Each structure stands twice: as structure tokens, then as C-alpha cells.
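Text of input_10.cif, listed as mmCIF, C-alpha atoms:
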```
data_data
loop_
_atom_site.label_atom_id
_atom_site.label_comp_id
_atom_site.auth_asym_id
_atom_site.auth_seq_id
_atom_site.Cartn_x
_atom_site.Cartn_y
_atom_site.Cartn_z
CA GLU A 1 29.75 30.06 9.27
CA THR A 2 28.82 30.88 5.67
CA LEU A 3 25.98 28.36 5.71
CA ASN A 4 24.63 29.95 8.89
CA ILE A 5 24.69 33.38 7.22
CA ILE A 6 23.11 32.49 3.88
CA SER A 7 20.53 29.92 4.99
CA ASN A 8 18.41 32.55 6.75
CA GLU A 9 17.06 35.77 5.22
CA GLU A 10 17.49 37.77 8.42
CA THR A 11 21.09 36.74 9.04
CA PHE A 12 22.04 37.27 5.37
CA LYS A 13 20.57 40.78 5.32
CA GLN A 14 22.25 41.59 8.63
CA PHE A 15 25.59 40.44 7.19
CA LEU A 16 25.14 42.81 4.26
CA LEU A 17 24.17 45.67 6.59
CA ASP A 18 27.26 44.97 8.72
CA ASN A 19 29.43 45.12 5.58
CA PRO A 20 28.17 48.15 3.60
CA ASN A 21 29.59 49.57 0.36
CA HIS A 22 30.76 46.21 -0.99
CA THR A 23 30.17 44.83 -4.49
CA MET A 24 28.79 41.35 -5.19
CA VAL A 25 32.29 40.19 -6.07
CA GLU A 26 33.63 41.40 -2.72
CA ILE A 27 30.72 39.80 -0.83
CA ALA A 28 31.36 36.53 -2.67
CA ASP A 29 35.03 36.63 -1.61
CA MET A 30 34.10 37.37 2.00
CA LEU A 31 31.69 34.43 2.14
CA GLN A 32 33.90 32.17 -0.03
CA LEU A 33 30.98 31.73 -2.43
CA SER A 34 30.71 31.98 -6.19
CA TYR A 35 29.48 35.24 -7.73
CA GLU A 36 26.41 33.34 -9.00
CA GLY A 37 25.75 32.02 -5.50
CA VAL A 38 25.58 35.55 -4.09
CA GLN A 39 23.33 36.63 -6.98
CA TYR A 40 20.98 33.73 -6.22
CA LYS A 41 20.69 34.69 -2.53
CA LEU A 42 20.15 38.37 -3.39
CA ARG A 43 17.26 37.37 -5.66
CA GLN A 44 15.88 34.85 -3.15
CA TYR A 45 15.79 37.38 -0.32
CA ASN A 46 15.06 40.40 -2.55
CA CYS A 47 17.90 42.51 -1.16
CA HIS A 48 19.88 43.74 -4.18
CA ASP A 49 19.63 47.23 -2.71
CA LEU A 50 22.01 46.23 0.10
CA VAL A 51 24.92 45.54 -2.25
CA VAL A 52 26.89 48.02 -4.34
CA LYS A 53 26.52 47.31 -8.04
CA ASN A 54 29.66 46.36 -9.91
CA GLU A 55 30.86 49.50 -11.66
CA THR A 56 30.16 49.67 -15.39
CA GLN A 57 32.49 51.20 -17.97
CA ALA A 58 30.08 54.13 -18.30
CA GLU A 59 30.26 54.78 -14.55
CA ARG A 60 34.06 54.68 -14.71
CA ASP A 61 33.99 57.16 -17.60
CA LEU A 62 31.69 59.47 -15.65
CA ARG A 63 33.92 59.22 -12.59
CA THR A 64 36.90 60.22 -14.73
CA LEU A 65 34.98 63.22 -16.08
CA PHE A 66 33.74 64.23 -12.61
CA PRO A 67 36.38 63.07 -10.08
CA THR A 68 34.79 64.88 -7.13
CA PHE A 69 31.82 62.47 -7.27
CA GLU A 70 31.72 59.04 -5.61
CA LYS A 71 29.32 56.13 -5.16
CA THR A 72 27.43 56.13 -1.86
CA ARG A 73 24.70 54.38 0.12
CA GLN A 74 24.92 56.77 3.04
CA VAL A 75 22.73 59.61 1.70
CA LEU A 76 19.33 58.27 0.58
CA PRO A 77 17.49 55.72 2.74
CA HIS A 78 17.41 52.31 0.97
CA TYR A 79 18.96 53.73 -2.22
CA GLU A 80 22.42 53.90 -3.72
CA ILE A 81 23.62 56.90 -5.72
CA ASP A 82 26.09 55.97 -8.47
CA LEU A 83 27.96 59.29 -8.28
CA TYR A 84 27.36 61.93 -5.62
CA ASN A 85 28.85 65.27 -4.64
CA GLU A 86 27.86 66.36 -1.14
CA THR A 87 28.90 70.00 -1.61
CA LEU A 88 26.77 70.42 -4.73
CA LYS A 89 23.96 68.18 -3.41
CA LEU A 90 24.04 66.59 -6.86
CA GLY A 91 23.74 62.93 -7.78
CA ILE A 92 24.33 61.25 -11.14
CA GLU A 93 22.52 57.98 -11.84
CA TYR A 94 23.54 55.68 -14.68
CA ASN A 95 20.62 53.39 -15.50
CA GLY A 96 21.57 50.32 -17.50
CA THR A 97 18.94 49.06 -19.93
CA TYR A 98 18.87 45.51 -18.51
CA TRP A 99 18.85 46.03 -14.73
CA HIS A 100 16.62 49.11 -14.91
CA CYS A 101 13.89 47.62 -17.10
CA ASP A 102 10.38 46.87 -15.81
CA LYS A 103 11.40 43.28 -15.10
CA PHE A 104 13.64 44.39 -12.23
CA LYS A 105 12.43 47.89 -11.36
CA ASP A 106 8.95 49.23 -10.66
CA LYS A 107 7.95 51.71 -13.36
CA TYR A 108 7.94 54.50 -10.75
CA TYR A 109 11.35 53.52 -9.29
CA HIS A 110 13.37 56.37 -10.83
CA GLN A 111 10.69 58.97 -10.12
CA GLU A 112 10.37 57.89 -6.49
CA LYS A 113 14.13 57.93 -6.02
CA SER A 114 14.32 61.45 -7.47
CA ASN A 115 11.44 62.66 -5.30
CA ILE A 116 13.02 61.29 -2.11
CA ALA A 117 16.26 63.03 -3.04
CA LYS A 118 14.42 66.26 -3.84
CA ASP A 119 12.81 66.26 -0.38
CA MET A 120 16.35 66.11 1.03
CA GLY A 121 17.53 69.01 -1.13
CA ILE A 122 19.36 66.76 -3.60
CA PHE A 123 19.00 66.80 -7.40
CA ILE A 124 19.42 63.49 -9.25
CA TYR A 125 20.45 63.60 -12.91
CA HIS A 126 19.43 60.36 -14.63
CA ILE A 127 21.34 58.95 -17.60
CA PHE A 128 19.93 55.95 -19.44
CA GLU A 129 22.21 53.54 -21.28
CA ASN A 130 20.58 54.09 -24.68
CA GLU A 131 21.15 57.85 -24.31
CA TRP A 132 24.79 57.45 -23.26
CA ASN A 133 25.44 55.19 -26.25
CA ASP A 134 23.86 57.66 -28.67
CA LYS A 135 26.63 59.66 -30.39
CA ARG A 136 24.32 62.68 -30.80
CA VAL A 137 23.03 62.68 -27.22
CA LYS A 138 26.18 61.84 -25.21
CA PRO A 139 27.95 65.22 -25.78
CA ILE A 140 24.74 67.01 -24.74
CA ILE A 141 24.62 64.99 -21.50
CA ILE A 142 28.23 65.85 -20.72
CA SER A 143 27.56 69.53 -21.50
CA GLN A 144 24.54 69.60 -19.17
CA LEU A 145 26.53 67.93 -16.38
CA ASN A 146 29.38 70.41 -16.83
CA ASN A 147 26.84 73.19 -16.46
CA LEU A 148 25.39 71.63 -13.30
CA VAL A 149 28.79 71.28 -11.62
CA GLY A 150 29.86 74.79 -12.62
CA ASN A 151 32.49 73.90 -15.20
CA ASN A 152 30.89 76.16 -17.81
CA THR A 153 32.03 79.69 -16.96
CA THR A 154 30.62 81.61 -19.94
CA LYS A 155 27.85 83.99 -18.87
CA ILE A 156 25.51 85.75 -21.31
CA GLY A 157 23.51 88.72 -20.11
CA ALA A 158 19.87 88.66 -21.25
CA ARG A 159 19.81 92.40 -21.94
CA LYS A 160 22.59 91.94 -24.49
CA CYS A 161 20.47 89.47 -26.47
CA GLN A 162 17.78 89.82 -29.12
CA ILE A 163 14.67 87.68 -29.68
CA LYS A 164 13.88 86.79 -33.27
CA ASP A 165 11.53 84.52 -35.19
CA ILE A 166 13.45 81.56 -36.60
CA ASP A 167 12.69 79.26 -39.50
CA TYR A 168 12.01 75.53 -39.36
CA MET A 169 15.45 74.38 -40.55
CA THR A 170 17.38 76.64 -38.17
CA CYS A 171 15.24 75.42 -35.27
CA SER A 172 15.61 71.77 -36.24
CA LYS A 173 19.40 71.97 -36.52
CA PHE A 174 19.80 73.77 -33.19
CA LEU A 175 17.58 71.32 -31.29
CA ASN A 176 19.29 68.26 -32.76
CA GLU A 177 22.65 69.66 -31.65
CA ASN A 178 21.62 70.88 -28.19
CA HIS A 179 18.49 69.13 -26.89
CA LEU A 180 18.32 65.57 -25.53
CA GLN A 181 15.08 64.88 -27.37
CA GLY A 182 16.26 66.51 -30.57
CA HIS A 183 13.89 68.27 -32.93
CA THR A 184 10.14 68.21 -32.30
CA PRO A 185 7.41 69.77 -34.51
CA SER A 186 6.25 73.26 -33.50
CA LYS A 187 4.12 76.09 -34.88
CA LYS A 188 5.90 78.99 -33.18
CA ARG A 189 9.69 79.24 -32.93
CA TYR A 190 11.70 81.97 -31.23
CA GLY A 191 15.47 82.26 -30.99
CA LEU A 192 17.65 84.18 -28.55
CA TYR A 193 20.65 85.76 -30.31
CA TYR A 194 23.86 87.04 -28.75
CA ASN A 195 26.23 88.89 -31.10
CA ASN A 196 24.21 87.45 -33.99
CA GLU A 197 24.75 83.89 -32.71
CA LEU A 198 21.76 81.69 -31.81
CA VAL A 199 22.20 80.63 -28.17
CA SER A 200 18.74 79.47 -27.06
CA ILE A 201 15.37 78.46 -28.47
CA MET A 202 11.73 78.39 -27.35
CA THR A 203 9.13 76.46 -29.33
CA PHE A 204 5.35 76.23 -28.96
CA GLY A 205 2.92 73.68 -30.37
#
```
Output the file's structure in the form of C-alpha cells.
Amino acid sequence: ETLNIISNEETFKQFLLDNPNHTMVEIADMLQLSYEGVQYKLRQYNCHDLVVKNETQAERDLRTLFPTFEKTRQVLPHYEIDLYNETLKLGIEYNGTYWHCDKFKDKYYHQEKSNIAKDMGIFIYHIFENEWNDKRVKPIIISQLNNLVGNNTTKIGARKCQIKDIDYMTCSKFLNENHLQGHTPSKKRYGLYYNNELVSIMTFG
């Protein structure tokens, strides 16, 4: 029965479609094949998108931080979302350096996925492995996600703030602590202050 399934592209893809939301390990167990054997057939028939990726440690960490999110293939056509919350219409994608490089993904893959989601009223937040492993950037990512899901409850009224010119060093420190890209050179720098505390920055080249 297994040989009949895997020896033909159409029957193999149909088997995967009939058994959605399974990882490669689970598919291997169902077919009584090795993990490598399933990988080989997925490459041969170019159908990795029909199998749920094995969950990485980063994905498990994100699921712990945001327990109302879950992996799904039922929302976007032909795409999986690593973590998704239907109520918020928010998806979180963790993009590993190896499997998401140009060798395996078209250079427009992430943009196209985001655009398809956007057309369906869904926002996809992309996290790349090198960012997640960066000790400076990771807390900023978590802060941004907390803001997106509504965990940050502090509200600052604009009319209670003041706009001031800020110097190079103040700007650099703030951006390195709060912006994914960190500090970038700029000619004009303005800070938004609330109770004499710098809370936001705008820079212009």
C-alpha cells in the first residue's frame, strides 16, 4: 500500500491532502517509512507545502509566550502559518535561516505570503532566525508582538507630550534599545517626551 502511495506523484500528494496538519515524522510513521524517505519524496514531488514543519525550539518558545496562537494550514491557500490567532487576524511566522534561504524559497516568497494574507485581512509578522538569536533584537520583537496582541496596556496621550530636538547620542541609544534595525545616521532628529521621558523618535536623512 505504501509503495502504491509513494511511487506516483498524484497519489502521494492526495495522501498528504487526505491527512492534513501532520509533520514529516508523523507522515513517516503512517507510511512506515524513514524520515529521510519522506523528505526525499517531498523533494522529488515538490510538495513540502503539504506537510507541517517540525516545530523548532523558537516556535515552541513563541507558543509559550502567546498561547492563544496555533499552527494552521486552513487559513491561507497553499501556505502554512506557524502561529495564528483568528480573533486578532494576526499571524506570526518564524523563518529559519536554512529552510528560508534562496536555495529553498523564491526571493519574493515572504512578500507574496504577506500580500495574500493582507488581501484576506490578515497581518503576518515575520521573525527571522538571525533576529531572534540577537540578544539586542529579541526583546524588541517580543515587545512589538505584545503590542500587537494587546498585552501592552499603557496609553500615552499625544497632547500630554512635547516635541524636542535631540542630540546624536540620545538618538543612537534610544534606537539601539527600541528599533529592530538599531541606530541609523540622520541629519534631523526629533524626540517625543512624556513627563520628561523620551518615548518616541523621528529621524530624517
Give me the result of the PyMOL selection byres ((chain A and resi 196) around 12) on this file, residue by residue, as an mmCIF file with C-alpha atoms, in the coordinates of the input.
```cif
data_model
loop_
_atom_site.group_PDB
_atom_site.id
_atom_site.type_symbol
_atom_site.label_atom_id
_atom_site.label_comp_id
_atom_site.auth_asym_id
_atom_site.auth_seq_id
_atom_site.Cartn_x
_atom_site.Cartn_y
_atom_site.Cartn_z
ATOM 1 C CA LYS A 160 22.590 91.940 -24.490
ATOM 2 C CA CYS A 161 20.470 89.470 -26.470
ATOM 3 C CA GLN A 162 17.780 89.820 -29.120
ATOM 4 C CA ILE A 163 14.670 87.680 -29.680
ATOM 5 C CA LYS A 164 13.880 86.790 -33.270
ATOM 6 C CA GLY A 191 15.470 82.260 -30.990
ATOM 7 C CA LEU A 192 17.650 84.180 -28.550
ATOM 8 C CA TYR A 193 20.650 85.760 -30.310
ATOM 9 C CA TYR A 194 23.860 87.040 -28.750
ATOM 10 C CA ASN A 195 26.230 88.890 -31.100
ATOM 11 C CA GLU A 197 24.750 83.890 -32.710
ATOM 12 C CA LEU A 198 21.760 81.690 -31.810
ATOM 13 C CA VAL A 199 22.200 80.630 -28.170
ATOM 14 C CA SER A 200 18.740 79.470 -27.060
#
```
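Restricting the calculation to only C-alpha atoms, the smallest distance between Ile6 of chain A and any of A:Leu175, A:Leu42, A:Asn19, A:Glu26 is found for A:Leu42.
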Residues near Leu3 of chain A, anyone? I mean within 12 Å using only C-alpha atoms, not counting same-chain ones fewer than 5 positions away, as a PDB file with C-alpha atoms, in the coordinates of the input.
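The resulting file, selection_34.pdb, is reproduced below:
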```pdb
ATOM      1  CA  ASN A   8      18.410  32.550   6.750  1.00  0.00           C
ATOM      2  CA  GLU A   9      17.060  35.770   5.220  1.00  0.00           C
ATOM      3  CA  THR A  11      21.090  36.740   9.040  1.00  0.00           C
ATOM      4  CA  PHE A  12      22.040  37.270   5.370  1.00  0.00           C
ATOM      5  CA  LEU A  31      31.690  34.430   2.140  1.00  0.00           C
ATOM      6  CA  GLN A  32      33.900  32.170  -0.030  1.00  0.00           C
ATOM      7  CA  LEU A  33      30.980  31.730  -2.430  1.00  0.00           C
ATOM      8  CA  GLY A  37      25.750  32.020  -5.500  1.00  0.00           C
ATOM      9  CA  LYS A  41      20.690  34.690  -2.530  1.00  0.00           C
TER      10      LYS A  41
END
```
Output check: residues returned by the PyMOL selection byres ((chain A and resi 166) around 9), as a ChimeraX atom specification
/A:164-165,167-171,188-191,201
Output check: residues returned by the PyMOL selection byres ((chain A and resi 63-74) around 10), as number ranges by chain
A: 20-21, 49-53, 55, 57-62, 75-88, 90-93, 142, 145-146, 149
Write out as a list in words which residues come within 9 Å of segment 127-141 of chain A when counting only C-alpha atoms, dropping same-chain ones fewer than 4 positions away.
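The neighbour list is Ala58, Ile92, Glu93, Tyr94, Asn95, Gly96, Thr97, His100, Leu145, Asn146, Asn176, Glu177, Asn178, His179, Leu180, Gln181 and Gly182 of chain A.
Shortest atom-to-atom contact with Met30 of chain A among A:Gln111, A:Leu16, A:Gly121, A:Arg43: A:Leu16, counting all atoms listed in the file.
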Please provide as a list in words all residues within 10 Å of segment 118-120 of chain A, with the sequence filter that same-chain residues fewer than 3 positions apart are discarded (counting all atoms listed in the file).
Val75, Leu76, Lys89, Glu112, Lys113, Ser114, Asn115, Phe123 and Ile124 of chain A
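Coordinates place atom CA of His126 of chain A at a distance of 22.4 Å from atom CA of Cys47 of chain A.
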Test item: residues at most 12 Å from Gly205 of chain A, all atoms listed in the file, excluding those fewer than 3 positions along its chain, as a ChimeraX atom specification
/A:184-189,202
Take atom CA of Ile27 of chain A and atom CA of Asp106 of chain A and report the distance between them in Å, one decimal.
25.7 Å
